[in-house]
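With compact mmCIF, C-alpha atoms inside, this is query22.txt:
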```txt
# COMPACT_ATOMS: atom_id res chain seq x y z
CA MET G 18 124.73 110.12 55.38
CA ASN G 19 125.62 106.92 57.21
CA LYS G 20 123.22 104.66 59.07
CA LYS G 21 124.50 105.68 62.50
CA SER G 22 123.93 109.34 61.77
CA GLN G 23 120.36 108.65 60.61
CA LYS G 24 119.71 106.69 63.79
CA THR G 25 121.00 109.59 65.90
CA LEU G 26 118.86 112.10 64.01
CA TRP G 27 115.69 110.06 64.41
CA ALA G 28 116.47 109.61 68.09
CA GLN G 29 116.35 113.41 68.39
CA VAL G 30 113.09 113.58 66.46
CA VAL G 31 111.21 111.04 68.59
CA LYS G 32 113.01 112.13 71.79
CA THR G 33 114.29 108.75 72.96
CA GLY G 34 115.35 110.18 76.33
CA ILE G 35 111.74 111.11 77.09
CA ILE G 36 110.53 107.71 75.87
CA LYS G 37 112.90 105.87 78.22
CA SER G 38 112.11 108.04 81.24
CA ASN G 39 108.34 107.74 80.70
CA LEU G 40 108.41 103.97 80.30
CA ILE G 41 109.63 103.63 83.91
CA PRO G 42 106.39 105.00 85.48
CA MET G 43 104.35 103.10 82.87
CA VAL G 44 105.93 99.82 83.98
CA ALA G 45 105.45 100.86 87.62
CA GLY G 46 101.72 101.39 87.05
CA LEU G 47 101.41 98.09 85.20
CA MET G 48 103.29 96.05 87.80
CA LEU G 49 101.47 97.67 90.72
CA ALA G 50 98.11 96.87 89.10
CA LEU G 51 99.11 93.23 88.64
CA TYR G 52 100.09 93.01 92.30
CA THR G 53 97.09 94.96 93.60
CA TYR G 54 94.54 92.74 91.84
CA GLN G 55 96.68 89.58 92.26
CA TYR G 56 96.83 88.95 88.52
CA SER G 57 99.34 86.55 87.01
CA PHE G 58 102.31 88.09 85.18
CA THR G 59 102.49 85.22 82.68
CA ASP G 60 98.74 85.31 81.96
CA ASN G 61 99.08 88.99 81.07
CA ILE G 62 102.38 88.78 79.18
CA TRP G 63 100.92 89.89 75.84
CA ASN G 64 99.10 92.82 77.44
CA ILE G 65 102.43 93.82 78.98
CA VAL G 66 104.25 93.61 75.63
CA PHE G 67 101.54 95.57 73.81
CA ALA G 68 101.43 98.20 76.57
CA PHE G 69 105.21 98.62 76.48
CA LEU G 70 105.45 98.93 72.69
CA GLY G 71 102.27 100.99 72.37
CA THR G 72 103.30 103.47 75.04
CA ALA G 73 106.74 103.90 73.47
CA ALA G 74 105.12 104.52 70.06
CA VAL G 75 102.62 107.17 71.25
CA ILE G 76 105.32 109.01 73.22
CA ALA G 77 107.53 108.98 70.12
CA ALA G 78 104.61 110.33 68.08
CA ALA G 79 103.99 113.14 70.58
CA GLY G 80 107.67 114.11 70.52
CA SER G 81 107.68 114.15 66.72
CA PHE G 82 104.58 116.35 66.49
CA ASN G 83 106.13 118.69 69.06
CA ASN G 84 109.34 118.97 67.03
CA ILE G 85 107.39 119.79 63.87
CA TYR G 86 105.33 122.54 65.47
CA ASP G 87 108.11 124.05 67.59
CA ARG G 88 110.80 124.32 64.94
CA ASP G 89 110.51 128.13 64.82
CA ILE G 90 111.28 128.58 68.52
CA ASP G 91 113.68 125.61 68.56
CA ALA G 92 115.81 127.49 66.02
CA ILE G 93 116.37 130.28 68.56
CA MET G 94 117.37 128.23 71.61
CA ALA G 95 120.92 126.90 71.90
CA ARG G 96 119.92 123.47 73.21
CA THR G 97 117.35 122.83 70.44
CA LYS G 98 118.69 124.59 67.35
CA VAL G 99 120.51 121.44 66.18
CA ARG G 100 117.35 119.32 66.02
CA PRO G 101 116.86 117.73 62.56
CA THR G 102 113.50 119.47 62.17
CA VAL G 103 115.32 122.80 62.51
CA THR G 104 118.41 122.03 60.42
CA GLY G 105 116.42 120.32 57.68
CA GLU G 106 118.46 117.10 57.91
CA ILE G 107 115.14 115.23 57.96
CA SER G 108 112.23 116.64 55.98
CA ILE G 109 109.13 117.82 57.82
CA LYS G 110 106.95 115.72 55.51
CA LYS G 111 108.85 112.58 56.45
CA VAL G 112 108.64 113.39 60.17
CA LEU G 113 104.89 114.02 59.87
CA ILE G 114 104.30 110.69 58.13
CA VAL G 115 106.34 108.84 60.77
CA ALA G 116 104.54 110.67 63.59
CA ILE G 117 101.11 109.70 62.24
CA LEU G 118 102.18 106.08 61.73
CA LEU G 119 103.62 105.90 65.24
CA LEU G 120 100.42 107.32 66.70
CA VAL G 121 98.15 104.92 64.82
CA ILE G 122 100.32 101.87 65.55
CA GLY G 123 100.74 102.87 69.19
CA LEU G 124 97.00 103.35 69.75
CA ILE G 125 96.22 100.01 68.06
CA LEU G 126 98.74 98.17 70.25
CA LEU G 127 97.35 99.83 73.37
CA TYR G 128 93.79 99.00 72.27
CA ILE G 129 94.71 95.33 72.00
CA ALA G 130 95.94 95.50 75.59
CA SER G 131 92.93 97.53 76.75
CA PRO G 132 90.57 100.07 75.11
CA LEU G 133 90.99 102.27 78.19
CA ALA G 134 94.78 102.21 77.81
CA SER G 135 94.36 103.30 74.18
CA LEU G 136 92.06 106.17 75.19
CA LEU G 137 94.55 107.33 77.80
CA GLY G 138 97.35 107.10 75.23
CA PHE G 139 95.36 109.28 72.84
CA LEU G 140 94.59 111.81 75.59
CA GLY G 141 98.27 111.95 76.50
CA VAL G 142 99.26 112.81 72.93
CA PHE G 143 96.37 115.25 72.53
CA PHE G 144 97.19 117.18 75.71
CA TYR G 145 100.87 117.34 74.80
CA VAL G 146 100.33 118.51 71.22
CA VAL G 147 97.26 120.77 71.39
CA PRO G 148 96.72 122.40 74.83
CA TYR G 149 100.45 122.36 75.66
CA THR G 150 102.57 122.69 72.47
CA MET G 151 100.14 124.65 70.31
CA TRP G 152 98.61 126.87 72.98
CA THR G 153 99.84 127.29 76.56
CA LYS G 154 103.58 126.85 75.91
CA ARG G 155 103.59 130.12 73.95
CA HIS G 156 100.98 132.09 75.86
CA THR G 157 100.89 131.46 79.62
CA ILE G 158 103.08 130.72 82.64
CA TRP G 159 100.76 127.78 83.38
CA ASN G 160 102.14 125.82 80.43
CA THR G 161 104.05 123.49 82.77
CA GLU G 162 100.87 122.58 84.66
CA VAL G 163 99.01 121.85 81.42
CA GLY G 164 101.90 119.83 80.01
CA SER G 165 102.14 117.82 83.22
CA ILE G 166 98.81 116.13 82.46
CA SER G 167 100.19 114.42 79.38
CA GLY G 168 103.48 113.74 81.13
CA ALA G 169 101.68 111.83 83.88
CA MET G 170 99.64 109.55 81.60
CA PRO G 171 102.17 106.64 81.44
CA PRO G 172 101.40 105.15 84.89
CA LEU G 173 97.67 105.35 84.12
CA ILE G 174 98.25 103.64 80.77
CA GLY G 175 100.26 100.88 82.43
CA TRP G 176 97.62 100.34 85.11
CA ALA G 177 94.76 100.35 82.59
CA ALA G 178 96.55 97.84 80.34
CA VAL G 179 96.07 95.07 82.92
CA GLY G 180 93.70 96.46 85.60
CA PRO G 181 89.87 96.48 85.51
CA ASP G 182 89.73 100.27 86.02
CA ILE G 183 91.89 103.19 87.18
CA TRP G 184 90.06 104.22 90.35
CA HIS G 185 92.32 102.63 92.97
CA PRO G 186 94.01 105.27 95.23
CA ALA G 187 97.46 103.79 94.51
CA CYS G 188 96.91 104.32 90.78
CA TRP G 189 96.15 107.97 91.39
CA ALA G 190 99.14 108.25 93.70
CA LEU G 191 101.36 107.29 90.75
CA PHE G 192 99.55 109.79 88.52
CA LEU G 193 99.54 112.71 90.97
CA ILE G 194 103.16 112.20 91.97
CA MET G 195 104.07 112.33 88.27
CA VAL G 196 101.95 115.47 87.75
CA ILE G 197 103.37 117.33 90.73
CA TRP G 198 106.95 116.11 90.16
CA GLN G 199 107.08 117.88 86.80
CA MET G 200 106.66 121.37 88.26
CA PRO G 201 109.85 121.54 90.40
CA HIS G 202 111.65 119.50 87.73
CA PHE G 203 110.81 121.84 84.85
CA TYR G 204 111.02 125.01 86.95
CA SER G 205 114.63 124.12 87.71
CA ILE G 206 115.29 123.61 84.00
CA ALA G 207 113.62 126.94 83.26
CA ILE G 208 115.95 128.73 85.69
CA ARG G 209 119.01 127.03 84.22
CA LYS G 210 117.93 127.84 80.65
CA LYS G 211 116.23 131.17 81.36
CA ALA G 212 118.15 133.05 78.66
CA ASP G 213 117.08 130.52 76.00
CA TYR G 214 113.41 130.71 76.96
CA ALA G 215 113.51 134.51 77.13
CA ALA G 216 115.09 134.71 73.66
CA ALA G 217 112.38 132.46 72.22
CA LYS G 218 109.68 134.43 74.11
CA ILE G 219 108.42 131.31 75.86
CA PRO G 220 106.57 132.44 79.04
CA MET G 221 108.20 130.08 81.51
CA LEU G 222 107.58 131.03 85.13
CA PRO G 223 111.11 132.36 85.89
CA VAL G 224 111.08 134.43 82.68
CA VAL G 225 107.77 136.15 83.38
CA MET G 226 107.44 136.19 87.16
CA GLY G 227 111.05 135.98 88.30
CA LYS G 228 113.11 133.58 90.37
CA LYS G 229 111.51 134.39 93.75
CA ARG G 230 108.02 133.50 92.52
CA THR G 231 109.44 130.32 90.97
CA TYR G 232 111.06 129.40 94.30
CA ILE G 233 107.81 129.93 96.23
CA GLN G 234 105.73 127.99 93.71
CA THR G 235 108.27 125.16 93.70
CA ASN G 236 107.92 124.76 97.46
CA PHE G 237 104.12 124.80 97.20
CA TYR G 238 104.20 121.87 94.78
CA LEU G 239 106.75 120.01 96.89
CA ILE G 240 104.36 120.23 99.86
CA LEU G 241 101.63 118.75 97.64
CA LEU G 242 104.07 116.04 96.59
CA VAL G 243 104.66 115.10 100.22
CA LEU G 244 100.92 114.94 100.91
CA SER G 245 100.26 112.81 97.82
CA SER G 246 102.40 110.06 99.38
CA PHE G 247 99.52 109.14 101.69
CA LEU G 248 97.50 107.87 98.72
CA PHE G 249 99.74 104.78 98.88
CA LEU G 250 98.61 104.08 102.45
CA PRO G 251 95.59 101.85 101.63
CA LEU G 252 97.95 99.56 99.71
CA SER G 253 101.35 99.74 101.40
CA LEU G 254 102.91 101.46 104.39
CA GLY G 255 106.35 100.81 102.90
CA LEU G 256 105.60 102.65 99.64
CA THR G 257 104.04 105.47 101.64
CA LEU G 258 107.17 105.89 103.77
CA VAL G 259 109.54 105.77 100.79
CA SER G 260 107.50 108.38 98.92
CA LEU G 261 107.18 110.50 102.06
CA ALA G 262 110.92 110.38 102.79
CA LEU G 263 111.86 111.34 99.23
CA GLY G 264 109.35 114.18 99.18
CA LEU G 265 110.47 115.57 102.54
CA PHE G 266 114.13 115.41 101.55
CA TRP G 267 113.39 117.27 98.31
CA LEU G 268 111.39 119.90 100.19
CA GLY G 269 114.22 120.31 102.69
CA LEU G 270 116.75 120.66 99.88
CA SER G 271 114.62 123.40 98.36
CA LEU G 272 113.89 125.30 101.59
CA PHE G 273 117.40 125.25 103.01
CA GLY G 274 119.44 125.00 99.82
CA THR G 275 119.16 128.68 98.90
CA ARG G 276 120.77 129.72 102.18
CA LYS G 277 124.15 128.45 101.03
CA MET G 278 124.01 128.79 97.23
CA ASP G 279 122.82 131.13 94.51
CA ILE G 280 119.62 130.40 92.59
CA LYS G 281 121.35 128.70 89.65
CA ASP G 282 123.26 126.34 91.92
CA TRP G 283 119.97 125.66 93.72
CA ALA G 284 118.29 124.93 90.38
CA ASN G 285 121.09 122.53 89.39
CA LYS G 286 120.74 120.59 92.65
CA MET G 287 116.94 120.58 92.37
CA PHE G 288 117.14 119.25 88.82
CA LYS G 289 119.56 116.47 89.77
CA PHE G 290 117.48 115.37 92.74
CA SER G 291 114.30 115.41 90.67
CA LEU G 292 115.83 112.66 88.54
CA VAL G 293 116.84 110.70 91.64
CA HIS G 294 113.33 111.11 93.07
CA MET G 295 111.58 109.78 89.97
CA ILE G 296 113.93 106.85 89.45
CA VAL G 297 113.92 105.76 93.10
CA ILE G 298 110.19 106.03 93.69
CA TYR G 299 109.07 104.25 90.53
CA PHE G 300 111.75 101.57 90.71
CA THR G 301 110.72 101.01 94.33
CA VAL G 302 107.16 100.46 93.12
CA ILE G 303 108.40 98.04 90.44
CA ILE G 304 110.56 96.07 92.89
CA TYR G 305 107.82 96.03 95.54
CA SER G 306 105.25 94.78 93.03
CA THR G 307 107.61 92.19 91.54
CA ILE G 308 108.45 90.73 94.96
CA GLY G 309 104.74 90.68 95.81
CA LEU G 310 103.90 88.83 92.59
CA ILE G 311 106.64 86.28 93.21
CA LEU G 312 105.38 85.64 96.74
CA GLN G 313 101.81 85.31 95.46
CA ALA G 314 102.94 82.71 92.93
CA LEU G 315 104.69 80.55 95.55
```

Translate this structure into structure tokens?
Amino acid sequence: MNKKSQKTLWAQVVKTGIIKSNLIPMVAGLMLALYTYQYSFTDNIWNIVFAFLGTAAVIAAAGSFNNIYDRDIDAIMARTKVRPTVTGEISIKKVLIVAILLLVIGLILLYIASPLASLLGFLGVFFYVVPYTMWTKRHTIWNTEVGSISGAMPPLIGWAAVGPDIWHPACWALFLIMVIWQMPHFYSIAIRKKADYAAAKIPMLPVVMGKKRTYIQTNFYLILLVLSSFLFLPLSLGLTLVSLALGLFWLGLSLFGTRKMDIKDWANKMFKFSLVHMIVIYFTVIIYSTIGLILQAL
């Protein structure tokens, strides 16, 4: 097998797409902490490097552990049955060794940046592998809520890598937005891939409770998402307004979208906007913080 093919296979194992998407809120948390406490970017450059590499490593480890444990249900679903852990193109023993090494290396790198960042990194992997992958994903409709805890750890890790603590309201705004964002995001995926989840007997909300319940619960979380925007207020009116506008638009898309389209079309639009929401809000935080740091340095 050629080198390119091996690279592609390992990218599936460690879930590079998830790594990339989770590094954005991590960087947002890190940059916002630097700006909030008026810390120098250059003085913290090594903490930034260690946080970036360490976070990427622990996310890769979590994805690898997930692929190992889920290979029985992955073999049933169309979108996952070609994963190397299912096809046997990479041995489970090799994946396990790599996952452990990634976890250890990632936690060490995060510890060098900050012991708290390392603890949060460990908790992120633990929640993703044990309460989510090994338990709730197969047994309860609340699996998305449980999984959202690990999915929202990156901004906390980034903040903790350079900040003195994680108790600032803006830090928790980043965390809560990430927690709440995952529900409408993954509910829309669950509607789009309902047949796959049903075949694998994964109790996603649309599979067990139906599309109407999923629609109602989606709107409930979108209202919470709108309200969470006000946690930015002690730090920045601008960030508050951007977050508020994005949340209100998403809520409006959900409430009024079903009047003109069927539920699958609605789910497709909800999924696409969820990506726009995450990218815009966290890049706004990064740009805002970067400009603030530059102005502080002048």

Selection: 6 Å around segment 156-169 of chain G, only C-alpha atoms, excl. self and same-chain fewer than 3 positions, as a ChimeraX atom specification: /G:141,144-145,149,153,192,195-196,220-222

Go ahead and save the residues from that selection, with C-alpha atoms, as a PDB file, in the frame of the given file.
```
ATOM      1  CA  GLY G 141      98.270 111.950  76.500  1.00  0.00           C
ATOM      2  CA  PHE G 144      97.190 117.180  75.710  1.00  0.00           C
ATOM      3  CA  TYR G 145     100.870 117.340  74.800  1.00  0.00           C
ATOM      4  CA  TYR G 149     100.450 122.360  75.660  1.00  0.00           C
ATOM      5  CA  THR G 153      99.840 127.290  76.560  1.00  0.00           C
ATOM      6  CA  PHE G 192      99.550 109.790  88.520  1.00  0.00           C
ATOM      7  CA  MET G 195     104.070 112.330  88.270  1.00  0.00           C
ATOM      8  CA  VAL G 196     101.950 115.470  87.750  1.00  0.00           C
ATOM      9  CA  PRO G 220     106.570 132.440  79.040  1.00  0.00           C
ATOM     10  CA  MET G 221     108.200 130.080  81.510  1.00  0.00           C
ATOM     11  CA  LEU G 222     107.580 131.030  85.130  1.00  0.00           C
TER      12      LEU G 222
END
```

With distances taken over all atoms listed in the file, which residue among G:Thr72, G:Ser22, G:Thr97, G:Thr53 lies nearest Phe249 of chain G?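 Going through G:Thr72, G:Ser22, G:Thr97, G:Thr53 one by one, the smallest distance to Phe249 of chain G is for G:Thr53.
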
One decimal, Å: what's the distance from atom CA of Gly180 of chain G over to atom CA of Leu254 of chain G, could you say?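 Here the two named atoms are 21.5 Å from each other.
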